[in-house]
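Each remark here refers to the structure printed beneath this line.
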There are 2 protein chains.
Amino acid sequence: MSVTTSKVKEKIKTKENLLKVELAKKHLKLTRQREIILEAFLKNDHISAEDLYHQIAREKIHLGVATIYRTLNLLCELGIGQQRHFGDQQVLYDNILNKKHHDHLICQKCKKIVEFESPDIEKLQEKIAKKNGFVLKKHRLELYGECQNCVRAKKPEVF
Amino acid sequence: MSVTTSKVKEKIKTKENLLKVELAKKHLKLTRQREIILEAFLKNDHISAEDLYHQIAREKIHLGVATIYRTLNLLCELGIGQQRHFGDQQVLYDNILNKKHHDHLICQKCKKIVEFESPDIEKLQEKIAKKNGFVLKKHRLELYGECQNCVRAKKPEVF
DNA sequence: TGTTATATGATAATGATTATCATAATTGAA
DNA sequence: TTCAATTATGATAATCATTATCATATAACA
C-alpha cells in the first residue's frame, strides 16, 4: 500500500516536473490552473475541452473556458497532447504522453475509440506518396464502424 | 466543331436529366438555382461552398449563400458530391460523379489534391477492424505533405 | 520584496454553417 | 393553360466551438 502510494506520488511529481521543465524552456509560467488541467487531462484518453471543463468543475474548481482551451493547446505544443478531429464538431485532445504514433478505430454508436498502429499501412502510404512525387509529412487514418458490443446489442436476431 | 458542340450539349442534357430524375425520386423540384449550382459544381474537383458562391457570383448570377449550402448538401444526398474535411475549417465538396472510391494526398503548401486508391491498404484496414471486433463502415485516409513543385520551389539548395 | 513578464477569466468576437420565415417558383391535376 | 398544393429561395438571425481582447492577478527572478 505504501508502495502504491509512493509510486503515485512519484508519478505526480514527475508530471509536475515535466510541466515545469517544458514551460521553463519557453519562458512560460507554472500556474495552479495549468497543473490542474494537466492532472485532469492525463486521466483521460481522448477528451474535448468542454468535457474537461465540466470534469474539473465537478471537483468544485472553477476555471475559465478560455484557460482550458489555451492550456490544452499549450499541452499540444509541448507534445503531451494532440488534437483529433473525428466525426463530431468538437476537437478531441488525445493524451499522447508515453504513447507512440497511432491511428484510430472509432465506434459510430458508442463512440468507443481504439488505438492501433500498422507499420504495413504506413509503408504503403509512403510508397503512394513517393509515386506521386510527394514528401510525406503526416497522415490521418480513421476507421469508423461498429464495435462488438454495439453490433450485439442491436442484432440479437438469432432465433 | 459541330461534333464538339453536340457532345457538350449531350453532356449537359445528361446532367440535367440526372438531376431531374434524382430530384423526382425524392419529390423535389428542379429549379434554376439547382441547375446553376450543379453546373458550376461539376466544373470543379474539390470546392468549398464559399468559393462556389463566388465563382457563380462572377458570372453575374446572384444566389443566396443558404441556397448554395443547401444544394451542395443535397448533391451529397444524391451521391453526386461528398463532403471532405481536410485541414482547413471549411468543408470541401468533392465531385464524385463517375468517380469510384478514393482517398487523398494533399500538398500542405499549394493545397493541391491528388486522388488515389489502394486496395492493399483497404485490405489491411479490414483486417485491423476485424481483429478489434469492429464491423467497418467507412474510413478516412489523408496523406499530407509537399508536392514536387513545392519541394523544388523551396529548396534549390543544390551546390 | 518588488518589478516585470506572463497568465487568467469574463466576455465579446469570429467564422462557417444552419434555422427561420415570408415570398416566390415548380409541379401535377383539372 | 390554370390553379392549388407543395417545395424552394434568400435575407438575415441564430448557433456553436473556439479565439481575441483587455483589465486584473500571479509567478519568476533579481
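Chain identifiers are assigned as A, B, and so on, following the order in which chains appear in the C-alpha cells; residues are numbered from 1 within each chain, and ligands are numbered from 1 in order of appearance.
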Among stretch 7-48 of chain A, which residues does DSSP mark as alpha helix (DSSP H) when it is run on the backbone? Keep the chain and numbering as in the structure and answer as an MDAnalysis selection string.
chainID A and resid 7:25 32:42
Write down, as a compact mmCIF listing (two decimals) with C-alpha atoms (C1' of nucleotides), in the first residue's frame, each residue of chain C that has any atom within 10 Å of an atom of chain A, counting only C-alpha atoms (C1' of nucleotides).
```
# COMPACT_ATOMS: atom_id res chain seq x y z
C1' DA C 5 6.63 39.44 -17.87
C1' DT C 6 3.15 36.25 -18.41
C1' DA C 7 -1.49 34.19 -17.15
C1' DT C 8 -6.27 34.34 -16.08
C1' DG C 9 -11.15 34.96 -16.81
C1' DA C 10 -15.29 37.42 -18.21
```
Distance table requested - chain C against stretch 7-14 of chain D, cut-off 8 Å, only C-alpha atoms (C1' of nucleotides): one row per qualifying residue with the closest atom pair and its distance in Å to one decimal, ordered by chain and rising residue number, as CSV.
```
residue,atom,partner,partner_atom,distance
C:DA19,C1',D:DA14,C1',7.0
C:DT20,C1',D:DA13,C1',7.8
C:DA24,C1',D:DT9,C1',7.2
C:DA25,C1',D:DA8,C1',7.2
C:DT26,C1',D:DT7,C1',7.8
```
Between B:Leu42, B:Ile128, B:Cys107, B:Ala57, which is the closest to B:Gly81 once you count only C-alpha atoms?
B:Leu42
Here's a check: after a least-squares fit over all in-order C-alpha atoms, write chain B in the frame of chain A, as an mmCIF file with C-alpha atoms, in the first residue's frame.
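Output contents, as saved in out-v7.cif:
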```
data_model
loop_
_atom_site.group_PDB
_atom_site.id
_atom_site.type_symbol
_atom_site.label_atom_id
_atom_site.label_comp_id
_atom_site.auth_asym_id
_atom_site.auth_seq_id
_atom_site.Cartn_x
_atom_site.Cartn_y
_atom_site.Cartn_z
ATOM 1 C CA MET B 1 -0.246 0.484 0.543
ATOM 2 C CA SER B 2 2.542 2.829 1.432
ATOM 3 C CA VAL B 3 4.273 1.577 -1.674
ATOM 4 C CA THR B 4 1.305 2.467 -3.816
ATOM 5 C CA THR B 5 1.071 5.868 -2.227
ATOM 6 C CA SER B 6 4.701 6.670 -2.807
ATOM 7 C CA LYS B 7 4.442 5.427 -6.363
ATOM 8 C CA VAL B 8 1.550 7.745 -7.002
ATOM 9 C CA LYS B 9 3.355 10.645 -5.441
ATOM 10 C CA GLU B 10 6.384 9.893 -7.527
ATOM 11 C CA LYS B 11 4.294 9.843 -10.665
ATOM 12 C CA ILE B 12 2.657 13.130 -9.850
ATOM 13 C CA LYS B 13 5.940 14.700 -9.017
ATOM 14 C CA THR B 14 7.289 13.523 -12.334
ATOM 15 C CA LYS B 15 4.394 15.089 -14.181
ATOM 16 C CA GLU B 16 4.884 18.329 -12.358
ATOM 17 C CA ASN B 17 8.510 18.332 -13.203
ATOM 18 C CA LEU B 18 7.765 17.565 -16.786
ATOM 19 C CA LEU B 19 5.405 20.491 -16.979
ATOM 20 C CA LYS B 20 7.749 22.796 -15.124
ATOM 21 C CA VAL B 21 10.721 21.891 -17.261
ATOM 22 C CA GLU B 22 8.857 22.142 -20.528
ATOM 23 C CA LEU B 23 7.347 25.475 -19.564
ATOM 24 C CA ALA B 24 10.693 26.855 -18.462
ATOM 25 C CA LYS B 25 12.141 26.060 -21.877
ATOM 26 C CA LYS B 26 9.655 28.469 -23.361
ATOM 27 C CA HIS B 27 9.780 31.080 -20.611
ATOM 28 C CA LEU B 28 6.301 30.156 -19.562
ATOM 29 C CA LYS B 29 5.009 30.030 -16.030
ATOM 30 C CA LEU B 30 3.873 27.131 -13.937
ATOM 31 C CA THR B 31 0.477 28.022 -12.568
ATOM 32 C CA ARG B 32 -2.061 26.260 -10.421
ATOM 33 C CA GLN B 33 -4.466 26.185 -13.369
ATOM 34 C CA ARG B 34 -1.974 24.495 -15.618
ATOM 35 C CA GLU B 35 -1.267 21.864 -13.005
ATOM 36 C CA ILE B 36 -4.948 21.199 -12.506
ATOM 37 C CA ILE B 37 -5.596 20.934 -16.213
ATOM 38 C CA LEU B 38 -2.642 18.663 -16.860
ATOM 39 C CA GLU B 39 -3.629 16.432 -13.962
ATOM 40 C CA ALA B 40 -7.193 16.120 -15.217
ATOM 41 C CA PHE B 41 -6.134 15.779 -18.823
ATOM 42 C CA LEU B 42 -3.880 12.828 -18.104
ATOM 43 C CA LYS B 43 -6.735 10.926 -16.505
ATOM 44 C CA ASN B 44 -8.366 10.743 -19.904
ATOM 45 C CA ASP B 45 -7.478 9.257 -23.219
ATOM 46 C CA HIS B 46 -9.450 11.433 -25.608
ATOM 47 C CA ILE B 47 -11.413 14.338 -24.223
ATOM 48 C CA SER B 48 -12.970 17.539 -25.494
ATOM 49 C CA ALA B 49 -12.243 20.925 -23.958
ATOM 50 C CA GLU B 50 -15.830 21.181 -22.841
ATOM 51 C CA ASP B 51 -15.846 17.818 -21.115
ATOM 52 C CA LEU B 52 -12.590 18.593 -19.400
ATOM 53 C CA TYR B 53 -14.066 21.882 -18.248
ATOM 54 C CA HIS B 54 -17.018 20.081 -16.697
ATOM 55 C CA GLN B 55 -14.847 17.354 -15.248
ATOM 56 C CA ILE B 56 -12.785 19.948 -13.431
ATOM 57 C CA ALA B 57 -15.873 21.898 -12.411
ATOM 58 C CA ARG B 58 -17.214 18.758 -10.762
ATOM 59 C CA GLU B 59 -14.235 18.918 -8.416
ATOM 60 C CA LYS B 60 -15.481 22.322 -7.327
ATOM 61 C CA ILE B 61 -12.676 24.040 -9.132
ATOM 62 C CA HIS B 62 -13.702 26.797 -11.436
ATOM 63 C CA LEU B 63 -11.476 27.661 -14.356
ATOM 64 C CA GLY B 64 -12.392 29.892 -17.251
ATOM 65 C CA VAL B 65 -13.090 28.147 -20.525
ATOM 66 C CA ALA B 66 -10.486 30.239 -22.248
ATOM 67 C CA THR B 67 -7.888 28.869 -19.877
ATOM 68 C CA ILE B 68 -8.943 25.317 -20.650
ATOM 69 C CA TYR B 69 -8.598 25.861 -24.380
ATOM 70 C CA ARG B 70 -5.346 27.762 -24.070
ATOM 71 C CA THR B 71 -3.787 25.181 -21.840
ATOM 72 C CA LEU B 72 -4.933 22.239 -23.902
ATOM 73 C CA ASN B 73 -3.359 23.828 -26.941
ATOM 74 C CA LEU B 74 -0.270 24.518 -24.932
ATOM 75 C CA LEU B 75 -0.027 20.859 -23.989
ATOM 76 C CA CYS B 76 -0.154 20.063 -27.677
ATOM 77 C CA GLU B 77 2.780 22.364 -28.301
ATOM 78 C CA LEU B 78 4.647 20.589 -25.544
ATOM 79 C CA GLY B 79 4.028 17.226 -27.164
ATOM 80 C CA ILE B 80 1.820 15.978 -24.343
ATOM 81 C CA GLY B 81 -1.422 16.234 -26.252
ATOM 82 C CA GLN B 82 -2.593 16.088 -29.820
ATOM 83 C CA GLN B 83 -5.739 17.383 -31.459
ATOM 84 C CA ARG B 84 -8.025 14.891 -33.148
ATOM 85 C CA HIS B 85 -10.861 15.850 -35.433
ATOM 86 C CA PHE B 86 -13.172 12.896 -35.536
ATOM 87 C CA GLY B 87 -16.710 12.936 -36.814
ATOM 88 C CA ASP B 88 -18.075 15.446 -34.359
ATOM 89 C CA GLN B 89 -17.668 19.180 -34.435
ATOM 90 C CA GLN B 90 -15.676 19.279 -31.242
ATOM 91 C CA VAL B 91 -11.981 18.667 -31.193
ATOM 92 C CA LEU B 92 -10.794 15.834 -28.977
ATOM 93 C CA TYR B 93 -7.456 16.076 -27.245
ATOM 94 C CA ASP B 94 -5.510 12.846 -27.301
ATOM 95 C CA ASN B 95 -3.245 12.232 -24.352
ATOM 96 C CA ILE B 96 -0.073 11.093 -26.086
ATOM 97 C CA LEU B 97 2.273 11.130 -23.119
ATOM 98 C CA ASN B 98 4.270 7.919 -23.347
ATOM 99 C CA LYS B 99 2.403 6.848 -26.443
ATOM 100 C CA LYS B 100 3.906 6.270 -29.823
ATOM 101 C CA HIS B 101 2.281 7.204 -33.102
ATOM 102 C CA HIS B 102 -1.053 5.528 -33.677
ATOM 103 C CA ASP B 103 -4.266 5.739 -35.647
ATOM 104 C CA HIS B 104 -7.850 5.237 -34.525
ATOM 105 C CA LEU B 105 -10.758 2.893 -34.793
ATOM 106 C CA ILE B 106 -13.992 4.579 -33.728
ATOM 107 C CA CYS B 107 -17.360 3.081 -32.900
ATOM 108 C CA GLN B 108 -20.038 5.229 -34.461
ATOM 109 C CA LYS B 109 -22.567 4.067 -31.899
ATOM 110 C CA CYS B 110 -20.939 4.197 -28.489
ATOM 111 C CA LYS B 111 -18.032 6.428 -29.495
ATOM 112 C CA LYS B 112 -15.485 3.974 -28.161
ATOM 113 C CA ILE B 113 -12.037 4.722 -29.505
ATOM 114 C CA VAL B 114 -9.406 2.060 -30.042
ATOM 115 C CA GLU B 115 -5.864 2.953 -30.944
ATOM 116 C CA PHE B 116 -3.826 0.873 -33.323
ATOM 117 C CA GLU B 117 -0.717 1.065 -35.396
ATOM 118 C CA SER B 118 0.034 -0.542 -38.711
ATOM 119 C CA PRO B 119 3.543 -0.345 -40.075
ATOM 120 C CA ASP B 120 2.291 -2.149 -43.172
ATOM 121 C CA ILE B 121 -0.185 0.581 -43.956
ATOM 122 C CA GLU B 122 2.413 3.238 -43.276
ATOM 123 C CA LYS B 123 4.739 1.631 -45.789
ATOM 124 C CA LEU B 124 2.034 1.615 -48.414
ATOM 125 C CA GLN B 125 1.256 5.251 -47.692
ATOM 126 C CA GLU B 126 4.866 6.144 -48.188
ATOM 127 C CA LYS B 127 4.866 4.274 -51.461
ATOM 128 C CA ILE B 128 1.776 6.100 -52.683
ATOM 129 C CA ALA B 129 3.208 9.472 -51.739
ATOM 130 C CA LYS B 130 6.420 8.737 -53.559
ATOM 131 C CA LYS B 131 4.629 7.510 -56.639
ATOM 132 C CA ASN B 132 2.823 10.846 -56.788
ATOM 133 C CA GLY B 133 5.934 12.898 -56.203
ATOM 134 C CA PHE B 134 4.924 13.930 -52.702
ATOM 135 C CA VAL B 135 7.107 14.232 -49.649
ATOM 136 C CA LEU B 136 4.882 12.822 -46.930
ATOM 137 C CA LYS B 137 4.659 14.918 -43.794
ATOM 138 C CA LYS B 138 1.784 13.399 -41.889
ATOM 139 C CA HIS B 139 -1.298 11.326 -42.377
ATOM 140 C CA ARG B 140 -4.658 10.777 -40.852
ATOM 141 C CA LEU B 141 -6.265 7.400 -40.824
ATOM 142 C CA GLU B 142 -9.532 6.763 -39.071
ATOM 143 C CA LEU B 143 -11.643 3.652 -39.272
ATOM 144 C CA TYR B 144 -15.300 4.076 -38.395
ATOM 145 C CA GLY B 145 -17.638 1.242 -37.659
ATOM 146 C CA GLU B 146 -19.453 -0.594 -34.969
ATOM 147 C CA CYS B 147 -17.802 -2.340 -32.062
ATOM 148 C CA GLN B 148 -18.655 -5.813 -30.887
ATOM 149 C CA ASN B 149 -20.860 -4.626 -28.053
ATOM 150 C CA CYS B 150 -22.916 -2.368 -30.242
ATOM 151 C CA VAL B 151 -23.312 -4.938 -32.961
ATOM 152 C CA ARG B 152 -24.523 -7.469 -30.406
ATOM 153 C CA ALA B 153 -26.851 -5.045 -28.711
ATOM 154 C CA LYS B 154 -28.667 -4.189 -31.900
ATOM 155 C CA LYS B 155 -28.824 -7.504 -33.665
ATOM 156 C CA PRO B 156 -29.859 -10.409 -31.492
ATOM 157 C CA GLU B 157 -31.506 -11.482 -34.742
ATOM 158 C CA VAL B 158 -30.449 -15.075 -34.226
ATOM 159 C CA PHE B 159 -33.152 -17.765 -34.713
#
```
Interface residues on chain D facing chain A, 12 Å, only C-alpha atoms (C1' of nucleotides), written as a VMD selection string:
chain D and resid 16 to 21 25 to 29
Using C-alpha atoms (C1' of nucleotides), can you write the selected residues to a file as a PDB file, in the first residue's frame?
```pdb
ATOM      1  C1'  DC D  16     -21.710  26.566 -31.691  1.00  0.00           C
ATOM      2  C1'  DA D  17     -16.948  25.781 -30.933  1.00  0.00           C
ATOM      3  C1'  DT D  18     -13.138  28.313 -30.447  1.00  0.00           C
ATOM      4  C1'  DT D  19     -10.246  32.514 -30.171  1.00  0.00           C
ATOM      5  C1'  DA D  20      -9.313  37.524 -29.185  1.00  0.00           C
ATOM      6  C1'  DT D  21      -9.447  41.302 -26.004  1.00  0.00           C
ATOM      7  C1'  DA D  25      -3.897  38.839 -10.929  1.00  0.00           C
ATOM      8  C1'  DT D  26       0.048  35.936 -10.308  1.00  0.00           C
ATOM      9  C1'  DA D  27       4.630  33.756 -10.998  1.00  0.00           C
ATOM     10  C1'  DA D  28       9.580  34.339 -11.664  1.00  0.00           C
ATOM     11  C1'  DC D  29      13.705  36.150 -10.541  1.00  0.00           C
TER      12       DC D  29
END
```
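From atom C1' of D:DT2 back to atom C1' of C:DG28, the distance works out to 11.5 Å.
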From the DSSP assignment of the backbone, select every residue of chain A that is strand (DSSP E), and format the answer as a ChimeraX atom specification.
/A:46-48,81-84,92-95,103-107,113-116,135-146
Distance query D:DC3 at most 12 Å, only C-alpha atoms (C1' of nucleotides), self and fewer than 2 positions along chain excluded, as a ChimeraX atom specification:
/C:27-30 /D:1,5
